[in-house]
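Below is target_38.csv, holding CSV, C-alpha atoms.
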chain,number,residue,atom,x,y,z
A,220,MET,CA,-58.8,-22.6,-74.1
A,221,GLY,CA,-60.1,-20.9,-71.0
A,222,LEU,CA,-58.4,-23.4,-68.7
A,223,LEU,CA,-55.0,-23.0,-70.6
A,224,SER,CA,-55.3,-19.2,-70.2
A,225,THR,CA,-56.0,-19.5,-66.5
A,226,LEU,CA,-53.0,-21.8,-66.0
A,227,ARG,CA,-50.7,-19.5,-67.9
A,228,ASP,CA,-51.8,-16.5,-65.8
A,229,MET,CA,-51.2,-18.5,-62.6
A,230,THR,CA,-47.8,-19.5,-63.8
A,231,CYS,CA,-46.7,-16.0,-64.6
A,232,TYR,CA,-48.1,-14.8,-61.2
A,233,CYS,CA,-46.2,-17.4,-59.2
A,234,SER,CA,-43.0,-16.8,-61.2
A,235,GLY,CA,-43.3,-13.1,-60.5
A,236,ARG,CA,-43.9,-13.7,-56.7
A,237,LEU,CA,-40.8,-16.0,-56.6
A,238,VAL,CA,-38.6,-13.5,-58.4
A,239,ALA,CA,-39.8,-10.6,-56.1
A,240,ARG,CA,-39.2,-12.8,-53.0
A,241,HIS,CA,-35.7,-13.7,-54.3
A,242,PHE,CA,-34.8,-10.0,-54.7
A,243,SER,CA,-36.3,-9.0,-51.4
A,244,GLN,CA,-34.4,-11.8,-49.5
A,245,ALA,CA,-31.2,-10.8,-51.2
A,246,ALA,CA,-31.7,-7.2,-50.2
A,247,ARG,CA,-32.2,-8.2,-46.6
A,248,ARG,CA,-29.0,-10.2,-46.6
A,249,GLY,CA,-27.1,-7.1,-47.9
A,250,GLU,CA,-26.6,-8.5,-51.3
A,251,ARG,CA,-27.1,-6.6,-54.6
A,252,PRO,CA,-30.0,-8.0,-56.6
A,253,GLY,CA,-28.8,-9.7,-59.8
A,254,GLY,CA,-26.0,-11.6,-58.3
A,255,GLU,CA,-22.2,-11.3,-58.5
A,256,GLU,CA,-22.1,-10.4,-62.2
A,257,LEU,CA,-24.4,-7.3,-61.8
A,258,SER,CA,-22.4,-6.3,-58.7
A,259,ARG,CA,-19.3,-6.0,-60.8
A,260,LEU,CA,-20.9,-3.4,-63.1
A,261,ARG,CA,-19.5,0.1,-62.7
A,262,LEU,CA,-21.6,3.2,-62.9
A,263,ASP,CA,-19.6,4.4,-65.9
A,264,ASP,CA,-20.9,1.3,-67.8
A,265,LEU,CA,-24.5,2.5,-67.3
A,266,ALA,CA,-23.9,6.1,-68.4
A,267,PRO,CA,-25.9,7.1,-71.4
A,268,THR,CA,-24.0,7.2,-74.6
A,269,VAL,CA,-23.5,10.6,-76.4
A,270,ARG,CA,-25.3,10.8,-79.7
A,271,LEU,CA,-22.8,10.8,-82.5
A,272,GLU,CA,-23.0,12.3,-86.0
A,273,LEU,CA,-21.1,11.6,-89.2
A,274,LEU,CA,-18.7,14.4,-90.2
A,275,PHE,CA,-17.6,14.2,-93.8
A,276,GLY,CA,-15.1,15.8,-96.1
A,277,VAL,CA,-11.3,16.1,-95.9
A,278,SER,CA,-11.1,19.7,-94.6
A,279,PRO,CA,-13.9,19.4,-92.0
A,280,CYS,CA,-12.5,16.1,-90.6
A,281,LEU,CA,-8.9,17.3,-90.5
A,282,LEU,CA,-9.7,20.7,-88.9
A,283,ALA,CA,-12.0,18.9,-86.4
A,284,LEU,CA,-9.1,16.7,-85.4
A,285,ARG,CA,-6.7,19.7,-85.1
A,286,ALA,CA,-9.2,21.8,-83.1
A,287,ALA,CA,-10.0,18.9,-80.7
A,288,ARG,CA,-13.4,20.3,-79.8
A,289,ARG,CA,-15.2,17.1,-80.6
A,290,ARG,CA,-15.0,13.5,-79.2
A,291,VAL,CA,-14.0,11.3,-82.1
A,292,ALA,CA,-15.2,7.7,-82.1
A,293,ARG,CA,-13.9,6.4,-85.4
A,294,LEU,CA,-12.2,7.6,-88.6
A,295,LEU,CA,-13.5,6.1,-91.9
A,296,LEU,CA,-11.2,6.2,-94.9
A,297,GLN,CA,-12.4,4.9,-98.2
A,298,ALA,CA,-10.8,1.6,-99.2
A,299,GLY,CA,-9.4,1.0,-102.6
A,300,ARG,CA,-7.6,4.2,-103.1
A,301,ALA,CA,-4.0,3.8,-104.4
A,302,GLY,CA,-2.2,4.8,-101.2
A,303,VAL,CA,-3.1,7.4,-98.6
A,304,GLN,CA,-1.3,10.7,-99.4
A,305,GLY,CA,-1.5,14.4,-98.6
A,306,GLU,CA,-4.2,15.5,-96.1
A,307,ARG,CA,-5.6,11.9,-95.9
A,308,ALA,CA,-2.2,10.7,-94.7
A,309,GLU,CA,-2.1,13.5,-92.2
A,310,LEU,CA,-5.6,12.5,-91.0
A,311,LEU,CA,-4.4,8.9,-90.6
A,312,ARG,CA,-1.3,10.0,-88.6
A,313,GLU,CA,-3.5,12.2,-86.3
A,314,ALA,CA,-5.9,9.4,-85.7
A,315,GLU,CA,-3.2,6.9,-84.9
A,316,ALA,CA,-1.5,9.3,-82.6
A,317,ARG,CA,-4.7,9.7,-80.6
A,318,ASP,CA,-5.6,6.0,-80.7
A,319,ILE,CA,-8.7,6.6,-82.8
A,320,PRO,CA,-9.9,3.4,-84.5
A,321,VAL,CA,-9.6,3.6,-88.3
A,322,LEU,CA,-11.9,1.6,-90.6
A,323,ARG,CA,-11.6,1.2,-94.4
A,324,PRO,CA,-15.1,0.8,-95.8
A,325,ARG,CA,-15.8,0.7,-99.6
A,326,ARG,CA,-17.2,3.8,-101.3
A,327,GLN,CA,-20.7,2.4,-101.5
A,328,LYS,CA,-20.8,2.1,-97.7
A,329,LEU,CA,-19.6,5.6,-97.2
A,330,ASP,CA,-22.1,6.9,-99.7
A,331,ALA,CA,-24.9,5.3,-97.8
A,332,LEU,CA,-23.7,6.5,-94.4
A,333,CYS,CA,-23.4,10.1,-95.7
A,334,ARG,CA,-26.7,9.9,-97.5
A,335,TYR,CA,-24.9,10.5,-100.8
A,336,GLN,CA,-23.2,13.8,-99.8
A,337,VAL,CA,-19.8,14.6,-101.2
A,338,HIS,CA,-17.5,13.0,-98.6
A,339,GLN,CA,-14.2,12.8,-100.6
A,340,GLY,CA,-13.6,9.4,-99.2
A,341,VAL,CA,-13.3,10.6,-95.6
A,342,CYS,CA,-15.8,10.5,-92.7
A,343,MET,CA,-15.6,10.6,-88.9
A,344,GLU,CA,-18.0,9.6,-86.2
A,345,VAL,CA,-17.9,12.6,-83.8
A,346,SER,CA,-19.9,14.2,-81.0
A,347,PRO,CA,-22.1,17.2,-82.0
A,348,LEU,CA,-20.6,20.7,-82.0
A,349,ARG,CA,-22.9,23.3,-80.4
A,350,PRO,CA,-22.6,27.0,-80.1
A,351,ARG,CA,-21.5,28.3,-76.7
A,352,PRO,CA,-23.7,30.7,-74.7
A,353,CYS,CA,-22.8,34.4,-75.2
A,354,LYS,CA,-21.8,34.7,-71.6
A,355,GLU,CA,-18.8,32.5,-72.4
A,356,ALA,CA,-17.6,35.0,-75.1
A,357,GLY,CA,-16.0,37.2,-72.5
A,358,GLU,CA,-16.5,41.0,-72.2
A,359,VAL,CA,-14.2,43.0,-74.4
A,360,SER,CA,-14.0,46.7,-73.9
A,361,PRO,CA,-14.5,48.8,-77.0
A,362,GLY,CA,-11.5,50.9,-76.0
A,363,ASP,CA,-9.2,47.8,-76.3
A,364,ASP,CA,-9.4,47.8,-80.1
A,365,HIS,CA,-11.7,50.0,-82.1
A,366,GLN,CA,-11.6,47.6,-85.1
A,367,GLN,CA,-13.3,44.7,-83.6
A,368,LEU,CA,-16.0,43.0,-85.7
A,369,CYS,CA,-18.6,40.5,-84.7
A,370,LEU,CA,-21.1,38.9,-87.1
A,371,VAL,CA,-24.7,38.4,-85.8
A,372,LEU,CA,-27.0,36.0,-87.6
A,373,GLU,CA,-30.8,36.1,-87.0
A,374,GLY,CA,-32.8,33.1,-88.1
A,375,LEU,CA,-30.7,31.5,-90.9
A,376,GLN,CA,-32.3,28.3,-91.9
A,377,ASP,CA,-30.3,26.9,-94.8
A,378,PRO,CA,-27.2,24.9,-93.6
A,379,ARG,CA,-25.3,25.7,-96.8
A,380,ASN,CA,-26.0,29.4,-96.4
A,381,LEU,CA,-24.7,29.3,-92.8
A,382,GLY,CA,-21.7,27.3,-93.8
A,383,ALA,CA,-20.8,29.7,-96.6
A,384,VAL,CA,-21.2,32.7,-94.3
A,385,LEU,CA,-18.9,31.1,-91.7
A,386,ARG,CA,-16.3,30.5,-94.4
A,387,SER,CA,-16.3,34.1,-95.5
A,388,ALA,CA,-16.3,35.3,-91.9
A,389,HIS,CA,-13.3,33.2,-91.0
A,390,PHE,CA,-11.5,34.2,-94.2
A,391,LEU,CA,-12.0,37.9,-93.7
A,392,GLY,CA,-11.1,38.0,-90.0
A,393,VAL,CA,-14.4,38.3,-88.1
A,394,ASP,CA,-13.7,37.9,-84.4
A,395,LYS,CA,-16.8,36.1,-83.3
A,396,VAL,CA,-20.1,34.9,-84.7
A,397,ILE,CA,-23.4,35.1,-82.7
A,398,ILE,CA,-26.5,33.2,-83.8
A,399,SER,CA,-30.1,33.4,-82.6
A,400,ARG,CA,-31.0,30.6,-80.3
A,401,ARG,CA,-34.8,31.2,-80.5
A,402,ASN,CA,-36.9,32.0,-83.5
A,403,ARG,CA,-39.2,35.1,-83.6
A,404,HIS,CA,-41.9,33.4,-81.6
A,405,GLY,CA,-39.6,32.5,-78.8
A,406,TYR,CA,-39.1,28.8,-79.7
A,407,PRO,CA,-37.5,26.3,-80.2
A,408,LEU,CA,-34.7,26.3,-77.7
A,409,PHE,CA,-32.0,25.4,-80.3
A,410,PRO,CA,-30.4,27.3,-83.2
A,411,ILE,CA,-32.7,27.9,-86.2
A,412,CYS,CA,-29.9,26.1,-88.2
A,413,PRO,CA,-27.8,23.9,-85.9
A,414,LEU,CA,-24.1,23.4,-86.5
A,415,THR,CA,-24.5,20.2,-88.5
A,416,PRO,CA,-22.0,18.3,-90.6
A,417,VAL,CA,-23.6,19.8,-93.7
A,418,VAL,CA,-22.8,23.3,-92.3
A,419,SER,CA,-19.2,22.2,-91.6
A,420,LYS,CA,-18.8,20.9,-95.2
A,421,ALA,CA,-20.2,24.0,-96.7
A,422,SER,CA,-17.8,26.1,-94.6
A,423,ALA,CA,-14.8,24.0,-95.7
A,424,GLY,CA,-14.3,23.2,-92.1
A,425,ALA,CA,-14.3,26.8,-90.9
A,426,MET,CA,-17.1,25.9,-88.5
A,427,GLU,CA,-14.6,23.6,-86.6
A,428,VAL,CA,-12.3,26.5,-85.7
A,429,MET,CA,-14.6,29.6,-85.5
A,430,ASP,CA,-15.8,31.0,-82.2
A,431,VAL,CA,-19.6,30.6,-82.6
A,432,PHE,CA,-21.9,31.7,-79.8
A,433,SER,CA,-25.7,31.8,-79.3
A,434,ALA,CA,-28.0,34.4,-77.8
A,435,ASP,CA,-31.5,33.7,-76.4
A,436,ASP,CA,-32.6,37.3,-76.6
A,437,LEU,CA,-30.9,38.7,-79.6
A,438,ALA,CA,-32.5,42.2,-79.4
A,439,GLY,CA,-31.6,42.5,-75.8
A,440,PHE,CA,-28.0,41.4,-76.5
A,441,LEU,CA,-27.7,44.1,-79.2
A,442,GLN,CA,-29.1,46.8,-77.0
A,443,ALA,CA,-26.7,45.9,-74.2
A,444,LYS,CA,-23.8,46.0,-76.6
A,445,ALA,CA,-24.9,49.4,-77.9
A,446,GLN,CA,-24.8,50.7,-74.3
A,447,GLN,CA,-21.3,49.5,-74.0
A,448,GLY,CA,-20.2,51.6,-77.0
A,449,TRP,CA,-20.5,49.1,-79.8
A,450,LEU,CA,-22.0,50.2,-83.1
A,451,VAL,CA,-24.9,47.9,-84.1
A,452,ALA,CA,-25.2,47.9,-87.9
A,453,GLY,CA,-28.1,46.0,-89.5
A,454,THR,CA,-28.6,45.1,-93.1
A,455,VAL,CA,-31.4,45.6,-95.5
A,456,GLY,CA,-32.1,45.4,-99.2
A,457,PHE,CA,-31.3,48.4,-101.4
A,458,GLN,CA,-33.4,51.6,-100.8
A,459,GLY,CA,-36.0,50.7,-103.4
A,460,SER,CA,-37.2,47.7,-101.4
A,461,GLU,CA,-40.3,47.8,-99.2
A,462,SER,CA,-38.3,47.1,-96.0
A,463,SER,CA,-35.9,49.9,-96.7
A,464,ARG,CA,-38.7,52.4,-97.4
A,465,SER,CA,-40.4,51.6,-94.1
A,466,SER,CA,-37.3,51.8,-92.0
A,467,LYS,CA,-36.8,54.8,-89.6
A,468,THR,CA,-33.1,53.9,-89.0
A,469,PRO,CA,-30.5,55.7,-91.2
A,470,ILE,CA,-29.6,53.6,-94.3
A,471,ILE,CA,-26.2,54.0,-96.1
A,472,SER,CA,-24.3,52.1,-98.7
A,473,CYS,CA,-21.8,49.6,-97.4
A,474,LEU,CA,-19.2,51.5,-99.4
A,475,GLU,CA,-19.8,54.7,-97.4
A,476,PHE,CA,-19.5,52.9,-94.0
A,477,LEU,CA,-16.5,54.1,-91.9
A,478,TRP,CA,-15.2,51.4,-89.5
A,479,ASP,CA,-14.0,53.6,-86.6
A,480,ARG,CA,-15.3,51.7,-83.6
A,481,PRO,CA,-16.2,48.1,-82.6
A,482,THR,CA,-19.1,46.9,-84.7
A,483,LEU,CA,-21.7,44.2,-84.7
A,484,LEU,CA,-22.9,43.4,-88.2
A,485,VAL,CA,-26.4,41.9,-88.2
A,486,LEU,CA,-27.8,39.7,-91.0
A,487,GLY,CA,-31.3,38.4,-91.1
A,488,ASN,CA,-33.3,35.4,-92.4
A,489,GLU,CA,-33.0,34.4,-96.0
A,490,GLY,CA,-36.5,35.3,-96.9
A,491,SER,CA,-37.7,38.0,-94.5
A,492,GLY,CA,-34.5,39.6,-93.4
A,493,LEU,CA,-34.3,41.2,-89.9
A,494,SER,CA,-37.2,41.0,-87.6
A,495,GLN,CA,-38.8,44.4,-86.6
A,496,GLU,CA,-37.5,44.0,-83.0
A,497,VAL,CA,-33.9,43.4,-84.1
A,498,GLN,CA,-34.0,46.0,-86.8
A,499,ALA,CA,-35.2,48.5,-84.2
A,500,SER,CA,-32.2,47.7,-82.1
A,501,CYS,CA,-29.8,48.7,-84.9
A,502,GLN,CA,-28.3,52.2,-84.9
A,503,LEU,CA,-27.5,52.0,-88.6
A,504,LEU,CA,-28.5,50.0,-91.6
A,505,LEU,CA,-26.2,49.0,-94.4
A,506,THR,CA,-27.3,48.1,-97.9
A,507,ILE,CA,-25.6,46.9,-101.2
A,508,LEU,CA,-26.5,49.1,-104.2
A,509,PRO,CA,-27.3,47.2,-107.4
A,510,GLY,CA,-25.5,47.9,-110.6
A,511,ARG,CA,-28.7,48.1,-112.8
A,512,GLN,CA,-32.5,48.5,-112.6
A,513,LEU,CA,-33.7,45.2,-111.1
A,514,PRO,CA,-36.9,43.4,-112.1
A,515,SER,CA,-39.3,42.2,-109.5
A,516,GLY,CA,-38.0,39.1,-107.6
A,517,LEU,CA,-34.3,40.0,-108.1
A,518,GLU,CA,-34.1,42.9,-105.6
A,519,SER,CA,-31.9,41.1,-103.2
A,520,LEU,CA,-28.8,38.8,-102.9
A,521,ASN,CA,-28.4,35.4,-101.4
A,522,VAL,CA,-27.5,36.0,-97.7
A,523,SER,CA,-24.1,34.3,-98.0
A,524,VAL,CA,-23.2,36.4,-101.0
A,525,ALA,CA,-24.3,39.6,-99.3
A,526,ALA,CA,-22.3,38.6,-96.2
A,527,GLY,CA,-19.2,38.3,-98.3
A,528,ILE,CA,-19.6,41.7,-99.9
A,529,LEU,CA,-20.5,43.5,-96.6
A,530,LEU,CA,-17.7,41.9,-94.6
A,531,HIS,CA,-15.1,42.7,-97.3
A,532,SER,CA,-16.2,46.3,-97.5
A,533,ILE,CA,-15.7,46.6,-93.8
A,534,CYS,CA,-12.7,44.4,-93.2
A,535,SER,CA,-10.7,46.0,-96.1
A,536,GLN,CA,-10.5,49.1,-93.9
A,537,ARG,CA,-8.6,47.2,-91.2
A,538,LYS,CA,-5.0,48.3,-90.6
A,539,GLY,CA,-2.7,45.7,-91.9
A,540,PHE,CA,-5.2,44.3,-94.4
A,541,PRO,CA,-3.0,43.0,-97.3
A,542,ALA,CA,-4.9,44.8,-100.1
A,543,VAL,CA,-4.7,48.2,-98.2
A,544,GLU,CA,-0.9,47.8,-97.6
A,545,LYS,CA,-0.3,46.8,-101.2
A,546,ARG,CA,-2.4,49.7,-102.6
A,547,GLU,CA,-0.6,52.2,-100.4
A,548,LYS,CA,2.8,50.9,-101.4
A,549,LEU,CA,1.9,51.0,-105.1
A,550,LEU,CA,0.7,54.6,-104.8
A,551,GLN,CA,3.8,55.6,-102.9
A,552,ASP,CA,6.0,53.9,-105.6
A,553,SER,CA,4.1,55.6,-108.4
A,554,GLN,CA,4.7,59.1,-106.8
A,555,GLU,CA,8.4,58.5,-106.3
A,556,SER,CA,9.2,57.2,-109.8
A,557,PRO,CA,7.6,57.5,-113.3
A,558,ALA,CA,5.6,54.5,-114.4
A,559,THR,CA,8.2,53.3,-117.0
A,560,SER,CA,8.1,49.5,-116.3
A,561,GLU,CA,5.3,47.1,-117.0
A,562,GLY,CA,4.9,46.5,-113.3
A,563,LEU,CA,4.4,50.2,-112.4
A,564,ARG,CA,1.9,50.7,-115.1
A,565,VAL,CA,-0.5,48.6,-112.9
A,566,THR,CA,-0.7,51.6,-110.6
A,567,GLN,CA,-2.6,53.5,-113.3
A,568,HIS,CA,-5.6,51.2,-113.0
A,569,PRO,CA,-8.7,53.4,-112.1
A,570,GLU,CA,-9.1,51.6,-108.8
A,571,LEU,CA,-5.6,52.6,-107.8
A,572,SER,CA,-5.6,56.1,-109.3
A,573,SER,CA,-5.0,59.3,-107.3
A,574,GLY,CA,-8.7,60.1,-107.9
A,575,SER,CA,-9.8,56.9,-106.2
A,576,GLU,CA,-7.4,57.6,-103.4
A,577,LYS,CA,-8.8,61.1,-102.9
A,578,GLU,CA,-12.3,59.6,-102.8
A,579,ARG,CA,-11.2,57.1,-100.2
A,580,GLN,CA,-9.6,59.8,-98.0
A,581,LYS,CA,-12.8,61.9,-98.4
A,582,ARG,CA,-14.9,59.0,-97.1
A,583,GLY,CA,-12.3,58.4,-94.2
Encoded form (structure tokens):
Amino acid sequence: MGLLSTLRDMTCYCSGRLVARHFSQAARRGERPGGEELSRLRLDDLAPTVRLELLFGVSPCLLALRAARRRVARLLLQAGRAGVQGERAELLREAEARDIPVLRPRRQKLDALCRYQVHQGVCMEVSPLRPRPCKEAGEVSPGDDHQQLCLVLEGLQDPRNLGAVLRSAHFLGVDKVIISRRNRHGYPLFPICPLTPVVSKASAGAMEVMDVFSADDLAGFLQAKAQQGWLVAGTVGFQGSESSRSSKTPIISCLEFLWDRPTLLVLGNEGSGLSQEVQASCQLLLTILPGRQLPSGLESLNVSVAAGILLHSICSQRKGFPAVEKREKLLQDSQESPATSEGLRVTQHPELSSGSEKERQKRG
């Protein structure tokens, strides 16, 4: 056994010396080691491949194709469906127009690839989508439009919460979304909740078209914006909560907020809310008042639900907002003619009554 081992080691040593001598002699002759086949390789062939992820769901995939922010490797459409119609047919046309390979795997295969998420028979292999640095957002002067609204998210962790927030933000007309790039201890160097396929599916594809940016120093970003004339409005639980009682920043109901200048609305982590540093950077804190006395443990709302309520209370003040225009027209019609028809009797609803209008004008 000892002799065999010694012979094997000597063979490997000699082989290594012969290979090394071959490459050194080839280098001296000006030839590329590896022969003619290796010399034909291009640098592009040796470039590292980009990590792909699997986007799933009809709306996320279709909006991703339209937005063209991602590199698309393949489209996977579930086999066995009776014809491809509607949005799936549009997906297929878009893919064929861009020479994207289309595969037709069975549902069991798609289920396994998506880890049993609800894929609706549609998946795409795509490059990841990442938030852009805040410096790419562009400086907008507050004087250009006093009704600008940016949503700032600190430390969201649940991808479905983030997706639902992005969906509401896009629906209600938020201009930009800024997320924290570091957690409260200064690490890690990526978003607390990355822009994953789960986020895109929860947002119904809104993530694919929204302008999402990231900030390393969120408190510093907010302070800089305040110096530029923006209003930084944070959010807290209702005034009976501990965080609200300890705050030195003015707290008002979101229904009392007057949107008269560019605003940054800041929402915090699902469990702990805003950090002390970020809350101290806010000039005002908005809260949602409950409709009843709440038992312990139910003092707050889910962050995505709270985001929808807060954003609607602000965005409904925007000029040209459909609900505002319709309400003003109904009030004008009710003053010009008596409410004799069934349609005009709708104007007598308490929310549309003259009393509510006076209260709205009083707040404005």
Subject >> From A:Phe457, A:Arg288, A:Arg537, A:Val485, residue lying nearest Ala499 (chain A) [all atoms listed in the file] >> reply: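 The answer is A:Val485, which sits nearest to Ala499 (chain A).
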Could you pull the residues within 8 Å of region 427-444 of chain A, counting all atoms listed in the file, minus those fewer than 2 positions along the same chain, as a PDB file with C-alpha atoms, in the coordinates of the input?
ATOM      1  CA  PRO A 279     -13.900  19.400 -92.000  1.00  0.00           C
ATOM      2  CA  LEU A 282      -9.700  20.700 -88.900  1.00  0.00           C
ATOM      3  CA  ALA A 283     -12.000  18.900 -86.400  1.00  0.00           C
ATOM      4  CA  ALA A 286      -9.200  21.800 -83.100  1.00  0.00           C
ATOM      5  CA  ARG A 288     -13.400  20.300 -79.800  1.00  0.00           C
ATOM      6  CA  PRO A 350     -22.600  27.000 -80.100  1.00  0.00           C
ATOM      7  CA  ARG A 351     -21.500  28.300 -76.700  1.00  0.00           C
ATOM      8  CA  PRO A 352     -23.700  30.700 -74.700  1.00  0.00           C
ATOM      9  CA  CYS A 353     -22.800  34.400 -75.200  1.00  0.00           C
ATOM     10  CA  ALA A 356     -17.600  35.000 -75.100  1.00  0.00           C
ATOM     11  CA  GLU A 373     -30.800  36.100 -87.000  1.00  0.00           C
ATOM     12  CA  LEU A 385     -18.900  31.100 -91.700  1.00  0.00           C
ATOM     13  CA  HIS A 389     -13.300  33.200 -91.000  1.00  0.00           C
ATOM     14  CA  ASP A 394     -13.700  37.900 -84.400  1.00  0.00           C
ATOM     15  CA  LYS A 395     -16.800  36.100 -83.300  1.00  0.00           C
ATOM     16  CA  VAL A 396     -20.100  34.900 -84.700  1.00  0.00           C
ATOM     17  CA  ILE A 397     -23.400  35.100 -82.700  1.00  0.00           C
ATOM     18  CA  ILE A 398     -26.500  33.200 -83.800  1.00  0.00           C
ATOM     19  CA  SER A 399     -30.100  33.400 -82.600  1.00  0.00           C
ATOM     20  CA  ARG A 400     -31.000  30.600 -80.300  1.00  0.00           C
ATOM     21  CA  ARG A 401     -34.800  31.200 -80.500  1.00  0.00           C
ATOM     22  CA  PRO A 410     -30.400  27.300 -83.200  1.00  0.00           C
ATOM     23  CA  SER A 419     -19.200  22.200 -91.600  1.00  0.00           C
ATOM     24  CA  GLY A 424     -14.300  23.200 -92.100  1.00  0.00           C
ATOM     25  CA  ALA A 425     -14.300  26.800 -90.900  1.00  0.00           C
ATOM     26  CA  GLN A 446     -24.800  50.700 -74.300  1.00  0.00           C
ATOM     27  CA  GLN A 447     -21.300  49.500 -74.000  1.00  0.00           C
ATOM     28  CA  GLY A 448     -20.200  51.600 -77.000  1.00  0.00           C
ATOM     29  CA  TRP A 449     -20.500  49.100 -79.800  1.00  0.00           C
ATOM     30  CA  LEU A 450     -22.000  50.200 -83.100  1.00  0.00           C
ATOM     31  CA  VAL A 451     -24.900  47.900 -84.100  1.00  0.00           C
ATOM     32  CA  GLU A 496     -37.500  44.000 -83.000  1.00  0.00           C
ATOM     33  CA  VAL A 497     -33.900  43.400 -84.100  1.00  0.00           C
ATOM     34  CA  SER A 500     -32.200  47.700 -82.100  1.00  0.00           C
ATOM     35  CA  CYS A 501     -29.800  48.700 -84.900  1.00  0.00           C
TER      36      CYS A 501
END
Subject >> Spatial neighbours of Arg270 (chain A), 9 Å, all atoms listed in the file, chain gap at least 3 places, as a count of residues only >> reply: 3
**OP:** Figure out the distance between CA of Phe476 (chain A) and CA of Thr506 (chain A), please, to one decimal in Å.
**Re:**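 Pair CA of Thr506 (chain A) / CA of Phe476 (chain A) returns 10.0 Å.
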Subject >> Protein, DNA and RNA residues within 12 Å of (-15.5, 3.6, -99.6), all atoms listed in the file, as a list in words >> reply: Leu295, Leu296, Gln297, Ala298, Gly299, Arg300, Leu322, Arg323, Pro324, Arg325, Arg326, Gln327, Lys328, Leu329, Asp330, Ala331, Leu332, Cys333, Tyr335, Val337, His338, Gln339, Gly340, Val341 and Cys342 of chain A
Export, as an mmCIF file, keeping the file's coordinate frame, the selected residues with C-alpha atoms.
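Wrote it out as out33.cif, contents follow:
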data_model
loop_
_atom_site.group_PDB
_atom_site.id
_atom_site.type_symbol
_atom_site.label_atom_id
_atom_site.label_comp_id
_atom_site.auth_asym_id
_atom_site.auth_seq_id
_atom_site.Cartn_x
_atom_site.Cartn_y
_atom_site.Cartn_z
ATOM 1 C CA LEU A 295 -13.500 6.100 -91.900
ATOM 2 C CA LEU A 296 -11.200 6.200 -94.900
ATOM 3 C CA GLN A 297 -12.400 4.900 -98.200
ATOM 4 C CA ALA A 298 -10.800 1.600 -99.200
ATOM 5 C CA GLY A 299 -9.400 1.000 -102.600
ATOM 6 C CA ARG A 300 -7.600 4.200 -103.100
ATOM 7 C CA LEU A 322 -11.900 1.600 -90.600
ATOM 8 C CA ARG A 323 -11.600 1.200 -94.400
ATOM 9 C CA PRO A 324 -15.100 0.800 -95.800
ATOM 10 C CA ARG A 325 -15.800 0.700 -99.600
ATOM 11 C CA ARG A 326 -17.200 3.800 -101.300
ATOM 12 C CA GLN A 327 -20.700 2.400 -101.500
ATOM 13 C CA LYS A 328 -20.800 2.100 -97.700
ATOM 14 C CA LEU A 329 -19.600 5.600 -97.200
ATOM 15 C CA ASP A 330 -22.100 6.900 -99.700
ATOM 16 C CA ALA A 331 -24.900 5.300 -97.800
ATOM 17 C CA LEU A 332 -23.700 6.500 -94.400
ATOM 18 C CA CYS A 333 -23.400 10.100 -95.700
ATOM 19 C CA TYR A 335 -24.900 10.500 -100.800
ATOM 20 C CA VAL A 337 -19.800 14.600 -101.200
ATOM 21 C CA HIS A 338 -17.500 13.000 -98.600
ATOM 22 C CA GLN A 339 -14.200 12.800 -100.600
ATOM 23 C CA GLY A 340 -13.600 9.400 -99.200
ATOM 24 C CA VAL A 341 -13.300 10.600 -95.600
ATOM 25 C CA CYS A 342 -15.800 10.500 -92.700
#
**OP:** Between A:Lys354, A:Arg379, A:His531, A:Arg290, single out the one closest to Thr415 (chain A), counting only C-alpha atoms.
**Re:** A:Arg379
Would you pick out the contacts of Met343 (chain A) at 6 Å or less, using only C-alpha atoms, so that residues sharing its chain but fewer than 4 positions from it are not included, and give the list as a PDB file with C-alpha atoms, in the coordinates of the input?
ATOM      1  CA  LEU A 273     -21.100  11.600 -89.200  1.00  0.00           C
ATOM      2  CA  LEU A 274     -18.700  14.400 -90.200  1.00  0.00           C
ATOM      3  CA  ARG A 293     -13.900   6.400 -85.400  1.00  0.00           C
ATOM      4  CA  LEU A 294     -12.200   7.600 -88.600  1.00  0.00           C
ATOM      5  CA  LEU A 295     -13.500   6.100 -91.900  1.00  0.00           C
TER       6      LEU A 295
END
Subject >> Contact residues around Ala316 (chain A) with all atoms listed in the file at 12 Å, ignoring same-chain residues under 6 positions, as JSON, numbers by chain >> reply: {"A": [284, 285, 309, 310]}
Selection export as a compact mmCIF listing (two decimals), in the coordinates of the input, atoms kept: C-alpha atoms:
# COMPACT_ATOMS: atom_id res chain seq x y z
CA LEU A 284 -9.10 16.70 -85.40
CA ARG A 285 -6.70 19.70 -85.10
CA GLU A 309 -2.10 13.50 -92.20
CA LEU A 310 -5.60 12.50 -91.00
**OP:** In the coordinates of the file, take the point (-11.8, 48.0, -89.9) and a cut-off of 7 Å; then, counting all atoms listed in the file, name each qualifying protein, DNA or RNA residue as a ChimeraX atom specification.
**Re:** /A:366,478-479,533-538
**OP:** Return the single residue from A:Gly453, A:Gln512, A:Pro378, A:Cys280 that is closest to Ala314 (chain A), with distances computed using only C-alpha atoms.
**Re:**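 The shortest atom-to-atom distance to Ala314 (chain A) comes from A:Cys280.
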